[in-house]
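As stored in data16.cif (mmCIF, C-alpha atoms):
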data_my_file
#
loop_
_atom_site.label_atom_id
_atom_site.label_comp_id
_atom_site.auth_asym_id
_atom_site.auth_seq_id
_atom_site.Cartn_x
_atom_site.Cartn_y
_atom_site.Cartn_z
CA MET A 1 9.27 -6.87 12.35
CA ILE A 2 12.90 -7.89 12.61
CA LEU A 3 15.25 -6.06 10.28
CA ARG A 4 17.72 -8.43 8.66
CA ARG A 5 21.44 -7.91 9.01
CA TRP A 6 23.05 -6.36 5.96
CA GLU A 7 24.72 -9.60 4.89
CA ASP A 8 21.37 -11.41 5.06
CA LEU A 9 19.57 -9.09 2.65
CA PRO A 10 18.78 -10.35 -0.87
CA SER A 11 21.68 -9.61 -3.22
CA PHE A 12 19.67 -7.11 -5.28
CA MET A 13 19.25 -4.99 -2.13
CA ARG A 14 22.87 -5.00 -0.98
CA THR A 15 23.81 -1.91 -2.97
CA ASP A 16 25.38 1.46 -2.19
CA GLU A 17 22.02 3.11 -2.86
CA VAL A 18 20.19 1.03 -0.25
CA ARG A 19 22.89 0.98 2.44
CA PRO A 20 22.21 4.46 3.94
CA TYR A 21 18.54 3.64 4.46
CA TRP A 22 19.35 0.28 6.03
CA GLU A 23 21.76 1.99 8.46
CA ILE A 24 19.03 4.43 9.51
CA LEU A 25 16.59 1.61 10.23
CA TRP A 26 19.23 -0.54 11.93
CA LYS A 27 19.73 2.22 14.50
CA LYS A 28 15.98 2.35 15.08
CA ARG A 29 15.31 -1.35 15.60
CA ARG A 30 13.39 -0.65 18.82
CA HIS A 31 11.01 1.59 16.90
CA LEU A 32 10.49 -1.25 14.43
CA ALA A 33 9.67 -3.64 17.27
CA VAL A 34 7.11 -1.20 18.69
CA LYS A 35 5.70 -0.72 15.19
CA ARG A 36 5.11 -4.46 14.80
CA ALA A 37 3.53 -4.81 18.26
CA PHE A 38 1.21 -1.90 17.48
CA ASP A 39 0.27 -3.46 14.12
CA VAL A 40 -0.72 -6.78 15.68
CA VAL A 41 -2.75 -5.38 18.59
CA THR A 42 -4.48 -2.69 16.54
CA ALA A 43 -5.30 -5.04 13.66
CA LEU A 44 -6.88 -7.54 16.03
CA VAL A 45 -9.01 -4.87 17.70
CA LEU A 46 -10.10 -3.33 14.38
CA LEU A 47 -10.99 -6.73 12.92
CA LEU A 48 -13.29 -7.38 15.87
CA VAL A 49 -14.89 -3.93 15.57
CA ALA A 50 -15.20 -4.12 11.77
CA ALA A 51 -16.43 -7.71 11.55
CA VAL A 52 -20.12 -6.85 11.13
CA PRO A 53 -19.53 -3.91 8.72
CA MET A 54 -17.27 -6.14 6.63
CA ILE A 55 -20.01 -8.76 6.38
CA VAL A 56 -22.45 -6.06 5.22
CA ILE A 57 -19.94 -4.84 2.63
CA ALA A 58 -19.42 -8.40 1.38
CA VAL A 59 -23.18 -8.81 0.85
CA MET A 60 -23.36 -5.47 -0.99
CA ILE A 61 -20.56 -6.52 -3.34
CA LYS A 62 -22.25 -9.84 -4.16
CA LEU A 63 -25.59 -8.15 -4.83
CA ASP A 64 -24.01 -5.45 -6.98
CA SER A 65 -21.99 -7.51 -9.47
CA LYS A 66 -20.82 -10.97 -10.39
CA GLY A 67 -17.53 -12.23 -9.01
CA PRO A 68 -15.78 -12.94 -5.71
CA VAL A 69 -15.99 -10.64 -2.69
CA MET A 70 -12.22 -10.40 -2.36
CA TYR A 71 -9.63 -9.17 -4.84
CA ARG A 72 -6.38 -11.11 -4.43
CA GLN A 73 -3.81 -9.67 -6.83
CA GLU A 74 -0.13 -10.49 -6.33
CA ARG A 75 1.92 -7.66 -4.80
CA VAL A 76 5.46 -7.24 -3.46
CA THR A 77 6.51 -6.56 0.14
CA THR A 78 9.57 -6.90 2.40
CA TYR A 79 12.78 -8.08 0.73
CA GLY A 80 10.94 -8.63 -2.54
CA LYS A 81 8.59 -11.28 -1.15
CA ARG A 82 5.45 -11.77 -3.21
CA PHE A 83 2.06 -12.13 -1.57
CA ARG A 84 -1.61 -11.97 -2.53
CA ILE A 85 -3.17 -8.87 -1.05
CA HIS A 86 -6.63 -8.90 0.58
CA LYS A 87 -8.97 -6.20 -0.71
CA PHE A 88 -12.69 -5.95 -1.27
CA ARG A 89 -13.38 -6.23 -4.99
CA THR A 90 -14.33 -2.82 -6.38
CA MET A 91 -14.14 -3.63 -10.09
CA ILE A 92 -15.81 -6.02 -12.46
CA GLN A 93 -14.58 -9.60 -12.39
CA ASN A 94 -11.21 -10.12 -14.13
CA ALA A 95 -10.71 -6.35 -14.45
CA ASP A 96 -6.93 -6.76 -14.59
CA ARG A 97 -7.32 -8.66 -17.86
CA VAL A 98 -9.02 -5.76 -19.60
CA GLY A 99 -6.90 -2.87 -18.36
CA THR A 100 -3.85 -1.73 -16.42
CA ALA A 101 -2.88 -2.53 -12.84
CA VAL A 102 -3.54 1.09 -11.87
CA THR A 103 -6.86 2.93 -11.90
CA VAL A 104 -7.74 6.00 -13.93
CA SER A 105 -10.47 8.62 -13.47
CA ASN A 106 -13.97 7.40 -14.39
CA ASP A 107 -12.59 3.89 -14.87
CA ALA A 108 -15.41 1.91 -16.44
CA ARG A 109 -14.28 -1.22 -14.61
CA ILE A 110 -15.28 0.18 -11.20
CA THR A 111 -18.65 -1.04 -9.91
CA ARG A 112 -21.26 1.13 -8.18
CA VAL A 113 -20.49 -0.29 -4.74
CA GLY A 114 -16.80 -0.21 -5.61
CA SER A 115 -16.91 3.53 -6.20
CA LEU A 116 -18.36 4.07 -2.74
CA LEU A 117 -15.83 1.78 -1.08
CA ARG A 118 -12.91 3.45 -2.85
CA GLY A 119 -14.07 6.92 -1.85
CA LEU A 120 -13.99 6.00 1.84
CA ARG A 121 -11.07 3.55 1.43
CA LEU A 122 -13.24 0.79 2.90
CA ASP A 123 -12.02 -1.57 0.19
CA GLU A 124 -8.79 -1.80 2.16
CA LEU A 125 -10.34 -3.10 5.39
CA PRO A 126 -9.42 -6.74 4.58
CA GLN A 127 -5.76 -5.69 4.57
CA LEU A 128 -5.98 -5.97 8.35
CA ILE A 129 -5.49 -9.67 7.65
CA ASP A 130 -2.27 -8.90 5.79
CA VAL A 131 -1.11 -6.78 8.72
CA LEU A 132 -1.64 -9.68 11.11
CA GLU A 133 0.25 -12.01 8.78
CA GLY A 134 3.17 -9.58 8.69
CA THR A 135 3.15 -9.03 4.94
CA MET A 136 1.86 -5.51 5.50
CA SER A 137 1.89 -2.76 8.12
CA PHE A 138 -0.45 0.15 8.79
CA VAL A 139 2.16 2.57 7.46
CA GLY A 140 4.63 1.84 4.68
CA THR A 141 5.15 2.04 0.96
CA ARG A 142 2.03 0.90 -0.85
CA PRO A 143 2.53 -2.63 -2.23
CA GLU A 144 3.21 -2.51 -5.95
CA ALA A 145 2.48 -5.12 -8.58
CA SER A 146 5.53 -7.13 -9.62
CA LYS A 147 5.75 -5.49 -13.07
CA TYR A 148 6.27 -2.08 -11.47
CA VAL A 149 8.81 -3.32 -8.92
CA LYS A 150 10.86 -4.67 -11.82
CA GLN A 151 11.16 -1.06 -13.00
CA TYR A 152 12.56 0.19 -9.66
CA ARG A 153 15.72 2.23 -9.67
CA PRO A 154 18.36 0.82 -7.26
CA GLU A 155 17.49 3.37 -4.57
CA PHE A 156 13.80 2.46 -4.67
CA ASN A 157 14.63 -1.02 -3.37
CA ALA A 158 15.25 0.58 0.04
CA THR A 159 11.47 0.71 0.47
CA LEU A 160 11.51 -3.10 0.58
CA LEU A 161 13.41 -3.02 3.88
CA MET A 162 10.03 -2.62 5.59
CA PRO A 163 6.61 -4.22 5.04
CA ALA A 164 4.29 -2.65 2.51
CA GLY A 165 1.72 -0.35 4.07
CA ILE A 166 -1.99 0.36 4.02
CA THR A 167 -1.15 4.06 3.93
CA SER A 168 1.86 6.37 3.66
CA GLU A 169 2.80 9.98 3.12
CA ALA A 170 3.02 9.18 -0.58
CA SER A 171 -0.53 7.80 -0.52
CA ILE A 172 -1.75 11.04 1.05
CA ARG A 173 0.04 13.25 -1.45
CA TYR A 174 -0.97 11.12 -4.42
CA LYS A 175 -4.51 10.22 -3.36
CA ASP A 176 -5.77 11.63 -6.68
CA GLU A 177 -3.14 10.04 -8.91
CA TYR A 178 -5.89 8.55 -11.08
CA LYS A 179 -6.63 12.07 -12.36
CA LEU A 180 -3.12 12.34 -13.79
CA LEU A 181 -3.29 8.86 -15.27
CA SER A 182 -6.71 9.45 -16.83
CA VAL A 183 -5.28 11.97 -19.34
CA SER A 184 -2.39 9.73 -20.37
CA ASP A 185 -2.24 7.87 -23.68
CA ASP A 186 0.02 5.25 -22.05
CA VAL A 187 -1.04 4.73 -18.44
CA ASP A 188 1.72 2.28 -17.50
CA LYS A 189 4.44 4.50 -18.98
CA THR A 190 3.11 7.58 -17.19
CA TYR A 191 2.91 5.69 -13.91
CA ILE A 192 6.46 4.31 -14.17
CA GLU A 193 8.10 7.50 -15.43
CA GLN A 194 6.16 10.18 -13.54
CA VAL A 195 3.94 8.96 -10.72
CA LEU A 196 6.14 6.22 -9.25
CA PRO A 197 9.32 8.38 -8.96
CA GLY A 198 7.27 11.15 -7.35
CA LYS A 199 5.81 8.77 -4.79
CA MET A 200 9.23 7.32 -4.08
CA VAL A 201 10.54 10.73 -3.04
CA TRP A 202 8.01 10.63 -0.19
CA ASN A 203 8.58 6.94 0.56
CA LEU A 204 12.35 7.32 0.86
CA ASN A 205 11.97 10.50 2.89
CA SER A 206 9.73 8.57 5.30
CA ILE A 207 12.52 6.05 5.85
CA GLU A 208 15.06 8.82 6.45
CA ARG A 209 12.78 10.35 9.09
CA PHE A 210 11.33 7.09 10.41
CA SER A 211 9.98 6.93 13.94
CA PHE A 212 6.95 5.24 15.46
CA MET A 213 5.40 8.57 16.51
CA ARG A 214 5.76 9.94 12.97
CA GLU A 215 3.89 6.90 11.67
CA LEU A 216 1.04 7.56 14.08
CA LEU A 217 0.89 11.09 12.68
CA THR A 218 0.70 9.68 9.14
CA MET A 219 -2.28 7.54 10.16
CA ILE A 220 -4.06 10.62 11.54
CA ARG A 221 -3.26 12.60 8.39
CA THR A 222 -4.67 9.75 6.28
CA ILE A 223 -7.99 9.86 8.14
CA LEU A 224 -8.18 13.64 7.62
CA ALA A 225 -7.34 13.21 3.92
CA VAL A 226 -10.15 10.68 3.47
CA PHE A 227 -12.56 13.27 4.83
CA GLY A 228 -11.37 15.94 2.46
CA LYS A 229 -8.33 17.69 3.92
CA GLU A 230 -5.81 18.64 1.26
CA TYR A 231 -2.02 18.45 1.75
CA GLU A 232 0.45 20.26 -0.48
#

Take the structure in the file and give it back as structure tokens.
Amino acid sequence: MILRRWEDLPSFMRTDEVRPYWEILWKKRRHLAVKRAFDVVTALVLLLVAAVPMIVIAVMIKLDSKGPVMYRQERVTTYGKRFRIHKFRTMIQNADRVGTAVTVSNDARITRVGSLLRGLRLDELPQLIDVLEGTMSFVGTRPEASKYVKQYRPEFNATLLMPAGITSEASIRYKDEYKLLSVSDDVDKTYIEQVLPGKMVWNLNSIERFSFMRELLTMIRTILAVFGKEYE
């Protein structure tokens, strides 16, 4: 990815709160270039390796419930750009019309196959396409729905300096966020006021400490977390 010059950022991002994070990334432009090259090469290789398993998953989804194989909800990435994310559908058709944009524990909208895919994070395999397109990266702030981005505090906009990610330190630490949301009487309010700010602490810290090698470590930690390792 190519980091824009300060004067070329969208006006809502040219704030005193965002400036320190931009300066950190501007000094590490070479790391960003390596990050993008790694994303492209690795995504291509993984798509070739995962092609057959993805076809099998697609068949399982179609046999399990009515609806499309892919879930294409609008999300937000670099500089506030909106895009339609690629994910395997893990919920009933039109689930976003009968509930929130976040998932809670024992969510009745999740299908049988969807539960399996979510547990192993296989529902995110199609996001390799988004990585190739440049709207996402392997590591970065998870792409939020537009309604949550509208609730960002000024400092949170610094996370939009980089592409949204398939995983992040925040994703690792909050991999069970649905448990917190499941006991809430107002899921959206709890997410905006409690979960989102907590995740942003990790997201902003990741920018402050950004390096390509640290992102590789985050990918390894994600794999360990999927297989049960807990991080405090």

(message) Considering only C-alpha atoms, can you say which of A:Phe12, A:Val34, A:Ser182, A:Ala145 comes closest to Ala108 of chain A?
(response) A:Ser182

(request) Name every residue that the PyMOL selection byres ((chain A and resi 76) around 7) selects in this structure, writing the answer as a count of residues only with chains first and numbers rising. (result) 10

(request) May I ask for the distance between atom CA of Leu25 of chain A and atom CA of Tyr148 of chain A, given in Å to one decimal place? (result)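 So the answer is 24.3 Å.
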
(message) Please list as a PyMOL selection string every residue within 12 Å of Glu23 of chain A, counting all atoms listed in the file and excluding residues in the same chain fewer than 5 positions away.
(response) chain A and resi 3-6+14+16-18+28-29+158+161+207-208+210

Residues returned when the PyMOL selection byres ((chain A and resi 155) around 12) runs on this file, as a PDB file with C-alpha atoms, keeping the file's coordinate frame:
ATOM      1  CA  PHE A  12      19.670  -7.110  -5.280  1.00  0.00           C
ATOM      2  CA  MET A  13      19.250  -4.990  -2.130  1.00  0.00           C
ATOM      3  CA  ARG A  14      22.870  -5.000  -0.980  1.00  0.00           C
ATOM      4  CA  THR A  15      23.810  -1.910  -2.970  1.00  0.00           C
ATOM      5  CA  ASP A  16      25.380   1.460  -2.190  1.00  0.00           C
ATOM      6  CA  GLU A  17      22.020   3.110  -2.860  1.00  0.00           C
ATOM      7  CA  VAL A  18      20.190   1.030  -0.250  1.00  0.00           C
ATOM      8  CA  ARG A  19      22.890   0.980   2.440  1.00  0.00           C
ATOM      9  CA  PRO A  20      22.210   4.460   3.940  1.00  0.00           C
ATOM     10  CA  TYR A  21      18.540   3.640   4.460  1.00  0.00           C
ATOM     11  CA  TRP A  22      19.350   0.280   6.030  1.00  0.00           C
ATOM     12  CA  VAL A 149       8.810  -3.320  -8.920  1.00  0.00           C
ATOM     13  CA  GLN A 151      11.160  -1.060 -13.000  1.00  0.00           C
ATOM     14  CA  TYR A 152      12.560   0.190  -9.660  1.00  0.00           C
ATOM     15  CA  ARG A 153      15.720   2.230  -9.670  1.00  0.00           C
ATOM     16  CA  PRO A 154      18.360   0.820  -7.260  1.00  0.00           C
ATOM     17  CA  PHE A 156      13.800   2.460  -4.670  1.00  0.00           C
ATOM     18  CA  ASN A 157      14.630  -1.020  -3.370  1.00  0.00           C
ATOM     19  CA  ALA A 158      15.250   0.580   0.040  1.00  0.00           C
ATOM     20  CA  THR A 159      11.470   0.710   0.470  1.00  0.00           C
ATOM     21  CA  LEU A 160      11.510  -3.100   0.580  1.00  0.00           C
ATOM     22  CA  LEU A 161      13.410  -3.020   3.880  1.00  0.00           C
ATOM     23  CA  PRO A 197       9.320   8.380  -8.960  1.00  0.00           C
ATOM     24  CA  MET A 200       9.230   7.320  -4.080  1.00  0.00           C
ATOM     25  CA  VAL A 201      10.540  10.730  -3.040  1.00  0.00           C
ATOM     26  CA  ASN A 203       8.580   6.940   0.560  1.00  0.00           C
ATOM     27  CA  LEU A 204      12.350   7.320   0.860  1.00  0.00           C
ATOM     28  CA  ASN A 205      11.970  10.500   2.890  1.00  0.00           C
ATOM     29  CA  ILE A 207      12.520   6.050   5.850  1.00  0.00           C
TER      30      ILE A 207
END

Distance table requested - segment 123-166 of chain A against segment 221-227 of chain A, cut-off 12 Å, all atoms listed in the file: one row per qualifying residue with the closest atom pair and its distance in Å to one decimal, ordered by chain and rising residue number, as a Markdown table.
| residue | atom | partner | partner_atom | distance |
| --- | --- | --- | --- | --- |
| A:Phe138 | CA | A:Thr222 | CA | 10.8 |
| A:Val139 | CA | A:Thr222 | CA | 10.0 |
| A:Ile166 | CA | A:Thr222 | CA | 10.0 |

(request) Report as a ChimeraX atom specification the full result of the PyMOL selection byres ((chain A and resi 61-69) around 6) when it is applied to this structure. (result) /A:58-60,70,88-89,93

(request) Quick one: pull the distance between atom CA of Asp123 of chain A and atom CA of Thr90 of chain A, Å, one decimal. (result)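 A separation of 7.1 Å between them.
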
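In this comparison, which uses only C-alpha atoms, the residue of A:Asp130, A:Ile172, A:Asp188, A:Leu125 approaching Val52 of chain A most closely is A:Leu125.
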
(request) Just give me the gap between atom CA of Lys179 of chain A and atom CA of Ile220 of chain A in Å, one decimal is fine. (result)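 Computing the Euclidean distance for atom CA of Lys179 of chain A and atom CA of Ile220 of chain A yields 24.1 Å.
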